[in-house]
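*Asks:* Here you go, this is upload-v6.pdb (PDB, C-alpha atoms).
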```pdb
ATOM      1  CA  MET H   1      16.342   2.125  -8.401  1.00  0.00           C
ATOM      2  CA  GLY H   2      16.061   4.834 -11.038  1.00  0.00           C
ATOM      3  CA  ALA H   3      13.616   7.066  -9.177  1.00  0.00           C
ATOM      4  CA  ARG H   4      13.743  10.833  -9.634  1.00  0.00           C
ATOM      5  CA  LEU H   5      13.904  12.139  -6.058  1.00  0.00           C
ATOM      6  CA  CYS H   6      13.517  15.765  -5.064  1.00  0.00           C
ATOM      7  CA  GLY H   7      14.810  15.478  -1.485  1.00  0.00           C
ATOM      8  CA  PRO H   8      18.289  16.469  -0.249  1.00  0.00           C
ATOM      9  CA  ALA H   9      21.185  14.193  -1.222  1.00  0.00           C
ATOM     10  CA  GLY H  10      18.890  11.795  -3.039  1.00  0.00           C
ATOM     11  CA  LEU H  11      16.668  11.142  -0.028  1.00  0.00           C
ATOM     12  CA  ASP H  12      13.027  10.225  -0.600  1.00  0.00           C
ATOM     13  CA  VAL H  13      11.364  13.154   1.169  1.00  0.00           C
ATOM     14  CA  ASP H  14       8.034  14.819   0.466  1.00  0.00           C
ATOM     15  CA  ALA H  15       5.452  17.129   2.018  1.00  0.00           C
ATOM     16  CA  PHE H  16       3.560  14.274   3.712  1.00  0.00           C
ATOM     17  CA  ASP H  17       6.412  13.061   5.936  1.00  0.00           C
ATOM     18  CA  ALA H  18       5.906  15.678   8.653  1.00  0.00           C
ATOM     19  CA  TYR H  19       2.196  14.825   8.943  1.00  0.00           C
ATOM     20  CA  CYS H  20       2.665  11.065   9.186  1.00  0.00           C
ATOM     21  CA  ASP H  21       3.322   8.645  11.993  1.00  0.00           C
ATOM     22  CA  HIS H  22       6.332   6.473  11.164  1.00  0.00           C
ATOM     23  CA  LEU H  23       6.346   2.788  12.017  1.00  0.00           C
ATOM     24  CA  LEU H  24       9.800   1.208  12.354  1.00  0.00           C
ATOM     25  CA  VAL H  25      11.040  -2.329  12.886  1.00  0.00           C
ATOM     26  CA  ARG H  26      14.540  -2.648  14.323  1.00  0.00           C
ATOM     27  CA  ASP H  27      16.972  -5.523  14.664  1.00  0.00           C
ATOM     28  CA  LEU H  28      17.189  -5.758  18.452  1.00  0.00           C
ATOM     29  CA  ASP H  29      20.822  -6.853  18.316  1.00  0.00           C
ATOM     30  CA  THR H  30      22.067  -3.885  16.292  1.00  0.00           C
ATOM     31  CA  LEU H  31      19.140  -1.405  16.591  1.00  0.00           C
ATOM     32  CA  GLN H  32      19.388  -0.967  12.817  1.00  0.00           C
ATOM     33  CA  VAL H  33      16.099   0.001  11.183  1.00  0.00           C
ATOM     34  CA  VAL H  34      15.151  -2.920   8.928  1.00  0.00           C
ATOM     35  CA  GLY H  35      11.543  -2.113   8.050  1.00  0.00           C
ATOM     36  CA  THR H  36       9.388   0.990   7.687  1.00  0.00           C
ATOM     37  CA  TYR H  37       5.900   2.231   6.917  1.00  0.00           C
ATOM     38  CA  ARG H  38       4.567   5.731   7.119  1.00  0.00           C
ATOM     39  CA  VAL H  39       0.961   6.243   8.168  1.00  0.00           C
ATOM     40  CA  LEU H  40      -1.206   9.297   7.514  1.00  0.00           C
ATOM     41  CA  PRO H  41      -4.094   9.326  10.024  1.00  0.00           C
ATOM     42  CA  PRO H  42      -7.376  11.049   9.109  1.00  0.00           C
ATOM     43  CA  HIS H  43      -6.909  14.151  11.264  1.00  0.00           C
ATOM     44  CA  GLN H  44      -3.518  14.776   9.661  1.00  0.00           C
ATOM     45  CA  ALA H  45      -4.920  14.163   6.181  1.00  0.00           C
ATOM     46  CA  ALA H  46      -7.445  16.887   6.997  1.00  0.00           C
ATOM     47  CA  ARG H  47      -4.624  19.221   8.064  1.00  0.00           C
ATOM     48  CA  ILE H  48      -2.601  18.767   4.884  1.00  0.00           C
ATOM     49  CA  GLY H  49      -5.809  18.818   2.870  1.00  0.00           C
ATOM     50  CA  ARG H  50      -5.384  15.657   0.815  1.00  0.00           C
ATOM     51  CA  LEU H  51      -4.183  12.088   0.612  1.00  0.00           C
ATOM     52  CA  TYR H  52      -1.010  11.121  -1.216  1.00  0.00           C
ATOM     53  CA  ALA H  53      -3.166   8.835  -3.371  1.00  0.00           C
ATOM     54  CA  GLU H  54      -5.084  11.835  -4.667  1.00  0.00           C
ATOM     55  CA  SER H  55      -2.016  12.917  -6.621  1.00  0.00           C
ATOM     56  CA  GLU H  56      -2.494   9.759  -8.705  1.00  0.00           C
ATOM     57  CA  PHE H  57      -6.158   8.760  -8.420  1.00  0.00           C
ATOM     58  CA  ASP H  58      -9.673  10.113  -8.256  1.00  0.00           C
ATOM     59  CA  VAL H  59     -10.763   8.640  -4.913  1.00  0.00           C
ATOM     60  CA  SER H  60     -14.097  10.451  -4.620  1.00  0.00           C
ATOM     61  CA  ARG H  61     -15.976   7.146  -4.229  1.00  0.00           C
ATOM     62  CA  LEU H  62     -14.076   6.575  -0.972  1.00  0.00           C
ATOM     63  CA  THR H  63     -15.011   9.904   0.641  1.00  0.00           C
ATOM     64  CA  HIS H  64     -17.423   8.321   3.117  1.00  0.00           C
ATOM     65  CA  LEU H  65     -14.610   6.119   4.493  1.00  0.00           C
ATOM     66  CA  ARG H  66     -12.185   8.946   5.245  1.00  0.00           C
ATOM     67  CA  PRO H  67     -13.146   9.730   8.879  1.00  0.00           C
ATOM     68  CA  LYS H  68     -11.727   6.307   9.888  1.00  0.00           C
ATOM     69  CA  LEU H  69      -9.244   5.781   7.038  1.00  0.00           C
ATOM     70  CA  VAL H  70      -5.456   5.741   7.329  1.00  0.00           C
ATOM     71  CA  GLU H  71      -3.176   5.990   4.326  1.00  0.00           C
ATOM     72  CA  VAL H  72      -0.013   3.903   4.343  1.00  0.00           C
ATOM     73  CA  GLY H  73       3.006   4.206   2.114  1.00  0.00           C
ATOM     74  CA  ARG H  74       6.771   4.033   1.715  1.00  0.00           C
ATOM     75  CA  SER H  75       6.822   0.388   2.743  1.00  0.00           C
ATOM     76  CA  CYS H  76      10.435  -0.760   2.797  1.00  0.00           C
ATOM     77  CA  VAL H  77      12.257  -3.824   4.133  1.00  0.00           C
ATOM     78  CA  HIS H  78      16.051  -4.083   4.251  1.00  0.00           C
ATOM     79  CA  PRO H  79      17.300  -6.500   1.549  1.00  0.00           C
ATOM     80  CA  ASP H  80      18.981  -8.714   4.173  1.00  0.00           C
ATOM     81  CA  TYR H  81      15.712  -9.170   6.107  1.00  0.00           C
ATOM     82  CA  ARG H  82      13.220 -10.084   3.408  1.00  0.00           C
ATOM     83  CA  ASN H  83      12.247 -13.427   4.885  1.00  0.00           C
ATOM     84  CA  GLY H  84       8.682 -12.505   5.829  1.00  0.00           C
ATOM     85  CA  ALA H  85       9.270 -11.803   9.519  1.00  0.00           C
ATOM     86  CA  VAL H  86       9.738  -8.044   9.135  1.00  0.00           C
ATOM     87  CA  ILE H  87       6.653  -7.493   6.982  1.00  0.00           C
ATOM     88  CA  MET H  88       4.605  -9.549   9.462  1.00  0.00           C
ATOM     89  CA  SER H  89       5.926  -7.334  12.265  1.00  0.00           C
ATOM     90  CA  LEU H  90       4.992  -4.242  10.280  1.00  0.00           C
ATOM     91  CA  TRP H  91       1.484  -5.564   9.609  1.00  0.00           C
ATOM     92  CA  GLY H  92       1.084  -6.455  13.267  1.00  0.00           C
ATOM     93  CA  GLY H  93       2.073  -2.914  14.161  1.00  0.00           C
ATOM     94  CA  LEU H  94      -0.398  -1.481  11.672  1.00  0.00           C
ATOM     95  CA  ALA H  95      -3.203  -3.679  13.039  1.00  0.00           C
ATOM     96  CA  ALA H  96      -2.407  -2.531  16.580  1.00  0.00           C
ATOM     97  CA  TYR H  97      -2.278   1.101  15.446  1.00  0.00           C
ATOM     98  CA  MET H  98      -5.665   0.859  13.751  1.00  0.00           C
ATOM     99  CA  MET H  99      -7.368  -0.910  16.644  1.00  0.00           C
ATOM    100  CA  GLN H 100      -5.942   1.410  19.300  1.00  0.00           C
ATOM    101  CA  ASN H 101      -7.184   4.464  17.399  1.00  0.00           C
ATOM    102  CA  GLY H 102     -10.521   3.121  16.171  1.00  0.00           C
ATOM    103  CA  TYR H 103      -9.593   3.207  12.489  1.00  0.00           C
ATOM    104  CA  GLU H 104     -11.352   0.814  10.112  1.00  0.00           C
ATOM    105  CA  THR H 105      -9.847   1.254   6.641  1.00  0.00           C
ATOM    106  CA  MET H 106      -6.338   1.320   5.215  1.00  0.00           C
ATOM    107  CA  LEU H 107      -5.479   2.722   1.784  1.00  0.00           C
ATOM    108  CA  GLY H 108      -2.165   2.695  -0.029  1.00  0.00           C
ATOM    109  CA  CYS H 109      -0.385   2.302  -3.341  1.00  0.00           C
ATOM    110  CA  ALA H 110       1.376  -0.991  -4.009  1.00  0.00           C
ATOM    111  CA  SER H 111       4.072  -0.186  -6.545  1.00  0.00           C
ATOM    112  CA  VAL H 112       5.175  -2.598  -9.259  1.00  0.00           C
ATOM    113  CA  GLY H 113       8.412  -1.885 -11.110  1.00  0.00           C
ATOM    114  CA  MET H 114       8.336  -1.178 -14.855  1.00  0.00           C
ATOM    115  CA  ILE H 115      11.880  -2.115 -15.823  1.00  0.00           C
ATOM    116  CA  ASP H 116      10.344  -4.192 -18.640  1.00  0.00           C
ATOM    117  CA  GLY H 117       8.377  -1.219 -19.941  1.00  0.00           C
ATOM    118  CA  GLY H 118       5.214  -2.099 -18.035  1.00  0.00           C
ATOM    119  CA  HIS H 119       4.317  -5.443 -19.602  1.00  0.00           C
ATOM    120  CA  TYR H 120       4.462  -7.345 -16.314  1.00  0.00           C
ATOM    121  CA  ALA H 121       2.296  -4.746 -14.546  1.00  0.00           C
ATOM    122  CA  ALA H 122      -0.269  -4.803 -17.364  1.00  0.00           C
ATOM    123  CA  ASN H 123      -0.381  -8.599 -17.342  1.00  0.00           C
ATOM    124  CA  LEU H 124      -0.675  -8.550 -13.561  1.00  0.00           C
ATOM    125  CA  TYR H 125      -3.771  -6.373 -13.703  1.00  0.00           C
ATOM    126  CA  THR H 126      -5.456  -8.535 -16.331  1.00  0.00           C
ATOM    127  CA  SER H 127      -4.486 -11.674 -14.396  1.00  0.00           C
ATOM    128  CA  LEU H 128      -6.208 -10.552 -11.190  1.00  0.00           C
ATOM    129  CA  PRO H 129      -9.279 -12.632 -10.332  1.00  0.00           C
ATOM    130  CA  ALA H 130     -12.559 -10.777  -9.971  1.00  0.00           C
ATOM    131  CA  ASP H 131     -12.574 -11.212  -6.192  1.00  0.00           C
ATOM    132  CA  ALA H 132      -9.235  -9.357  -5.948  1.00  0.00           C
ATOM    133  CA  LEU H 133     -10.955  -6.132  -7.056  1.00  0.00           C
ATOM    134  CA  THR H 134     -13.169  -3.879  -4.975  1.00  0.00           C
ATOM    135  CA  ALA H 135     -16.868  -3.596  -5.637  1.00  0.00           C
ATOM    136  CA  PRO H 136     -17.656  -0.818  -8.161  1.00  0.00           C
ATOM    137  CA  GLU H 137     -18.673   1.617  -5.428  1.00  0.00           C
ATOM    138  CA  TYR H 138     -15.108   1.480  -4.043  1.00  0.00           C
ATOM    139  CA  ARG H 139     -13.277   1.979  -7.329  1.00  0.00           C
ATOM    140  CA  ALA H 140     -10.666   4.675  -7.901  1.00  0.00           C
ATOM    141  CA  PHE H 141      -9.589   6.041 -11.271  1.00  0.00           C
ATOM    142  CA  ALA H 142      -6.002   6.784 -12.269  1.00  0.00           C
ATOM    143  CA  HIS H 143      -5.182  10.279 -13.511  1.00  0.00           C
ATOM    144  CA  THR H 144      -2.468   8.836 -15.780  1.00  0.00           C
ATOM    145  CA  PRO H 145      -3.550   5.237 -16.259  1.00  0.00           C
ATOM    146  CA  LEU H 146      -1.100   2.612 -17.365  1.00  0.00           C
ATOM    147  CA  PRO H 147      -2.066   1.721 -20.970  1.00  0.00           C
ATOM    148  CA  VAL H 148      -2.926  -1.838 -20.004  1.00  0.00           C
ATOM    149  CA  GLU H 149      -4.441  -2.906 -23.311  1.00  0.00           C
ATOM    150  CA  GLU H 150      -1.387  -1.728 -25.253  1.00  0.00           C
ATOM    151  CA  LEU H 151       1.116  -3.344 -22.901  1.00  0.00           C
ATOM    152  CA  ARG H 152      -0.523  -6.637 -22.007  1.00  0.00           C
ATOM    153  CA  THR H 153       0.807  -9.711 -23.772  1.00  0.00           C
ATOM    154  CA  GLY H 154      -1.730 -12.180 -22.434  1.00  0.00           C
ATOM    155  CA  ALA H 155       0.728 -13.847 -20.081  1.00  0.00           C
ATOM    156  CA  ASN H 156      -0.751 -15.054 -16.801  1.00  0.00           C
ATOM    157  CA  VAL H 157       1.551 -13.729 -14.075  1.00  0.00           C
ATOM    158  CA  SER H 158       1.703 -14.027 -10.311  1.00  0.00           C
ATOM    159  CA  PRO H 159       1.663 -10.929  -8.085  1.00  0.00           C
ATOM    160  CA  PRO H 160       4.906  -9.720  -6.505  1.00  0.00           C
ATOM    161  CA  PRO H 161       5.301 -10.576  -2.787  1.00  0.00           C
ATOM    162  CA  LEU H 162       3.850  -7.356  -1.345  1.00  0.00           C
ATOM    163  CA  VAL H 163       0.753  -7.406  -3.570  1.00  0.00           C
ATOM    164  CA  LYS H 164       0.302 -11.136  -2.945  1.00  0.00           C
ATOM    165  CA  GLY H 165       0.564 -10.487   0.789  1.00  0.00           C
ATOM    166  CA  TYR H 166      -2.019  -7.705   0.679  1.00  0.00           C
ATOM    167  CA  LEU H 167      -4.473  -9.911  -1.208  1.00  0.00           C
ATOM    168  CA  ARG H 168      -3.973 -12.769   1.253  1.00  0.00           C
ATOM    169  CA  LEU H 169      -4.583 -10.334   4.093  1.00  0.00           C
ATOM    170  CA  GLY H 170      -7.981  -9.501   2.599  1.00  0.00           C
ATOM    171  CA  ALA H 171      -7.183  -6.288   0.733  1.00  0.00           C
ATOM    172  CA  LYS H 172      -8.673  -5.413  -2.654  1.00  0.00           C
ATOM    173  CA  ILE H 173      -7.361  -3.533  -5.676  1.00  0.00           C
ATOM    174  CA  CYS H 174      -9.363  -0.385  -6.475  1.00  0.00           C
ATOM    175  CA  GLY H 175      -8.996  -0.601 -10.254  1.00  0.00           C
ATOM    176  CA  ALA H 176      -6.485  -0.167 -13.059  1.00  0.00           C
ATOM    177  CA  PRO H 177      -2.981   1.013 -12.088  1.00  0.00           C
ATOM    178  CA  GLU H 178      -1.521   4.482 -12.370  1.00  0.00           C
ATOM    179  CA  TRP H 179       1.778   5.124 -14.136  1.00  0.00           C
ATOM    180  CA  ASP H 180       4.170   7.010 -11.850  1.00  0.00           C
ATOM    181  CA  PRO H 181       6.960   8.381 -14.084  1.00  0.00           C
ATOM    182  CA  ASP H 182       9.037   9.712 -11.163  1.00  0.00           C
ATOM    183  CA  PHE H 183       9.456   6.242  -9.669  1.00  0.00           C
ATOM    184  CA  ASN H 184       8.930   4.351 -12.959  1.00  0.00           C
ATOM    185  CA  THR H 185       6.309   2.159 -11.348  1.00  0.00           C
ATOM    186  CA  ALA H 186       2.748   1.064 -11.915  1.00  0.00           C
ATOM    187  CA  ASP H 187       0.837   1.874  -8.735  1.00  0.00           C
ATOM    188  CA  PHE H 188      -2.060  -0.351  -7.719  1.00  0.00           C
ATOM    189  CA  LEU H 189      -4.316   1.459  -5.247  1.00  0.00           C
ATOM    190  CA  THR H 190      -5.124  -1.041  -2.524  1.00  0.00           C
ATOM    191  CA  LEU H 191      -7.985  -0.888  -0.012  1.00  0.00           C
ATOM    192  CA  PHE H 192      -8.081  -2.934   3.171  1.00  0.00           C
ATOM    193  CA  ARG H 193     -10.899  -2.949   5.727  1.00  0.00           C
ATOM    194  CA  LEU H 194     -10.154  -4.397   9.144  1.00  0.00           C
ATOM    195  CA  SER H 195     -13.585  -6.030   9.186  1.00  0.00           C
ATOM    196  CA  GLU H 196     -12.613  -8.043   6.078  1.00  0.00           C
ATOM    197  CA  ILE H 197      -9.290  -9.387   7.318  1.00  0.00           C
ATOM    198  CA  ASN H 198      -8.550 -12.987   6.399  1.00  0.00           C
ATOM    199  CA  ALA H 199      -9.455 -15.238   9.355  1.00  0.00           C
ATOM    200  CA  ARG H 200      -5.916 -16.634   9.565  1.00  0.00           C
ATOM    201  CA  TYR H 201      -4.412 -13.174   9.944  1.00  0.00           C
ATOM    202  CA  ALA H 202      -7.200 -12.076  12.272  1.00  0.00           C
ATOM    203  CA  ARG H 203      -6.194 -14.816  14.714  1.00  0.00           C
ATOM    204  CA  HIS H 204      -2.539 -13.815  14.434  1.00  0.00           C
ATOM    205  CA  PHE H 205      -2.898 -10.029  14.691  1.00  0.00           C
ATOM    206  CA  ILE H 206      -6.258  -9.178  16.259  1.00  0.00           C
ATOM    207  CA  GLY H 207      -6.285 -12.220  18.516  1.00  0.00           C
ATOM    208  CA  ASP H 208      -2.909 -11.206  19.927  1.00  0.00           C
ATOM    209  CA  MET H 209      -4.154  -7.683  20.525  1.00  0.00           C
ATOM    210  CA  GLN H 210      -7.352  -8.807  22.294  1.00  0.00           C
ATOM    211  CA  GLY H 211      -5.384 -11.180  24.495  1.00  0.00           C
ATOM    212  CA  ARG H 212      -3.203  -8.413  25.914  1.00  0.00           C
TER     213      ARG H 212
END
```
Would you mind writing the structure in this file as structure tokens?
*Replies:*
Amino acid sequence: MGARLCGPAGLDVDAFDAYCDHLLVRDLDTLQVVGTYRVLPPHQAARIGRLYAESEFDVSRLTHLRPKLVEVGRSCVHPDYRNGAVIMSLWGGLAAYMMQNGYETMLGCASVGMIDGGHYAANLYTSLPADALTAPEYRAFAHTPLPVEELRTGANVSPPPLVKGYLRLGAKICGAPEWDPDFNTADFLTLFRLSEINARYARHFIGDMQGR
């Protein structure tokens, strides 16, 4: 997809992989991996000394959350399985992981492609309703912010599926996006607190967990 990768043979590999837990969804008929997330738990973040998000954002306002915060990333669903079932399985796995380990907060970058030069991403940010953003005390600040005011055209756009799903889940956007030149994306730092999960998803995920 045009990303500049530094791993062997074009693989997306970085220093965080070895510190993360890796959540996989498989097709039970073929055992093919069809969905992934990687999860950096707080004790491993302490070992490596930083979050991945800190390479793109100043997250100092979130310091008090870090003892029970997991960072998620590298979300990927196989193109043939993008019907919603795999991402729901991944989210169910993340909810179980957080509850089993006593974690309360999830942080991660939702990436939006910039094949159009960033106009869609800029319009997306300016189209977000106020309740889609975190309170000021939970804001993060991009090191290389996307020049939203220069790129926005005023068009009212809908979020891409992953961002829309996060917002429906109850997540919030921590502020203006970061421009990631290596992946040619605008990264929206997204904060989700288990205590703020949408009631519909709480019944689906947490209710299932409590019933086991």
*Asks:* Take atom CA of His43 of chain H and atom CA of Arg61 of chain H and report the distance between them in Å, one decimal.
*Replies:*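 Atom CA of Arg61 of chain H lies at a distance of 19.3 Å from atom CA of His43 of chain H.
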*Asks:* I would like the residues chosen by the PyMOL selection byres ((chain H and resi 186) around 10) on the shown file; could you give them as a PyMOL selection string?
*Replies:* chain H and resi 109-114+118+120-122+145-146+176-181+183-185+187-189
*Asks:* Between atom CA of Val33 of chain H and atom CA of His78 of chain H, measure the distance and give it in Å to one decimal.
*Replies:*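 Distance between the two atoms: 8.0 Å.
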*Asks:* Quick one: pull the distance between atom CA of Val34 of chain H and atom CA of His22 of chain H, Å, one decimal.
*Replies:*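 Separating atom CA of Val34 of chain H from atom CA of His22 of chain H is a distance of 13.1 Å.
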*Asks:* Using the chain letters and numbers from the file, which residues does the PyMOL selection byres ((chain H and resi 26) around 12) grab, as a ChimeraX atom specification?
*Replies:* /H:23-25,27-36,77-78,81,85-87,89-90
*Asks:* Output C-alpha atoms for every residue in that selection, as a PDB file, in the frame of the given file.
*Replies:*
```pdb
ATOM      1  CA  LEU H  23       6.346   2.788  12.017  1.00  0.00           C
ATOM      2  CA  LEU H  24       9.800   1.208  12.354  1.00  0.00           C
ATOM      3  CA  VAL H  25      11.040  -2.329  12.886  1.00  0.00           C
ATOM      4  CA  ASP H  27      16.972  -5.523  14.664  1.00  0.00           C
ATOM      5  CA  LEU H  28      17.189  -5.758  18.452  1.00  0.00           C
ATOM      6  CA  ASP H  29      20.822  -6.853  18.316  1.00  0.00           C
ATOM      7  CA  THR H  30      22.067  -3.885  16.292  1.00  0.00           C
ATOM      8  CA  LEU H  31      19.140  -1.405  16.591  1.00  0.00           C
ATOM      9  CA  GLN H  32      19.388  -0.967  12.817  1.00  0.00           C
ATOM     10  CA  VAL H  33      16.099   0.001  11.183  1.00  0.00           C
ATOM     11  CA  VAL H  34      15.151  -2.920   8.928  1.00  0.00           C
ATOM     12  CA  GLY H  35      11.543  -2.113   8.050  1.00  0.00           C
ATOM     13  CA  THR H  36       9.388   0.990   7.687  1.00  0.00           C
ATOM     14  CA  VAL H  77      12.257  -3.824   4.133  1.00  0.00           C
ATOM     15  CA  HIS H  78      16.051  -4.083   4.251  1.00  0.00           C
ATOM     16  CA  TYR H  81      15.712  -9.170   6.107  1.00  0.00           C
ATOM     17  CA  ALA H  85       9.270 -11.803   9.519  1.00  0.00           C
ATOM     18  CA  VAL H  86       9.738  -8.044   9.135  1.00  0.00           C
ATOM     19  CA  ILE H  87       6.653  -7.493   6.982  1.00  0.00           C
ATOM     20  CA  SER H  89       5.926  -7.334  12.265  1.00  0.00           C
ATOM     21  CA  LEU H  90       4.992  -4.242  10.280  1.00  0.00           C
TER      22      LEU H  90
END
```
*Asks:* Given the PyMOL selection byres ((chain H and resi 53) around 9) and the file above, list the residues it selects as a PDB file with C-alpha atoms, keeping the file's coordinate frame.
*Replies:*
```
ATOM      1  CA  ARG H  50      -5.384  15.657   0.815  1.00  0.00           C
ATOM      2  CA  LEU H  51      -4.183  12.088   0.612  1.00  0.00           C
ATOM      3  CA  TYR H  52      -1.010  11.121  -1.216  1.00  0.00           C
ATOM      4  CA  GLU H  54      -5.084  11.835  -4.667  1.00  0.00           C
ATOM      5  CA  SER H  55      -2.016  12.917  -6.621  1.00  0.00           C
ATOM      6  CA  GLU H  56      -2.494   9.759  -8.705  1.00  0.00           C
ATOM      7  CA  PHE H  57      -6.158   8.760  -8.420  1.00  0.00           C
ATOM      8  CA  ASP H  58      -9.673  10.113  -8.256  1.00  0.00           C
ATOM      9  CA  VAL H  59     -10.763   8.640  -4.913  1.00  0.00           C
ATOM     10  CA  GLU H  71      -3.176   5.990   4.326  1.00  0.00           C
ATOM     11  CA  LEU H 107      -5.479   2.722   1.784  1.00  0.00           C
ATOM     12  CA  GLY H 108      -2.165   2.695  -0.029  1.00  0.00           C
ATOM     13  CA  CYS H 109      -0.385   2.302  -3.341  1.00  0.00           C
ATOM     14  CA  LEU H 189      -4.316   1.459  -5.247  1.00  0.00           C
TER      15      LEU H 189
END
```
*Asks:* If we count all atoms listed in the file, what is near Phe192 of chain H at a cut-off of 7 Å, once residues fewer than 6 positions away on the same chain are taken out, given as a ChimeraX atom specification?
*Replies:* /H:105-107,170-172
*Asks:* Show me, as number ranges by chain, the residues that have an atom within 8 Å of segment 6-18 of chain H when counting all atoms listed in the file, minus same-chain residues fewer than 6 positions from it.
*Replies:* H: 38, 40, 48, 52
*Asks:* Quick one: residues within 6 Å of segment 147-163 of chain H, all atoms listed in the file, excluding same-chain residues fewer than 2 positions away - as a ChimeraX atom specification?
*Replies:* /H:119,122-124,127,165-166
*Asks:* For segment 45-52 of chain H, I'd like the enclosing box, axis-aligned and padded by 6 Å on every side, reported as AutoDock Vina command-line options with centre and edge lengths in Å to one decimal.
*Replies:*
```
--center_x -4.2 --center_y 15.2 --center_z 3.4 --size_x 18.4 --size_y 20.1 --size_z 21.3
```
*Asks:* Which is closer to Cys174 of chain H than all the others in H:Arg139, H:Arg74, H:Arg203, H:Arg193, using only C-alpha atoms?
*Replies:*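 Under the stated criterion, the closest residue is H:Arg139.
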*Asks:* I need the residue nearest Ala135 of chain H from this list: H:Ala46, H:Ile197, H:Cys20, H:Ile173. Use all atoms listed in the file for the distance.
*Replies:*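 Of all the options, H:Ile173 lies closest to Ala135 of chain H.
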*Asks:* Select, from H:Ser60, H:Thr190, H:Asn198, H:Asn101, the residue with the minimum atom-to-atom distance to Leu169 of chain H, counting all atoms listed in the file.
*Replies:*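 Result for the nearest residue to Leu169 of chain H: H:Asn198.
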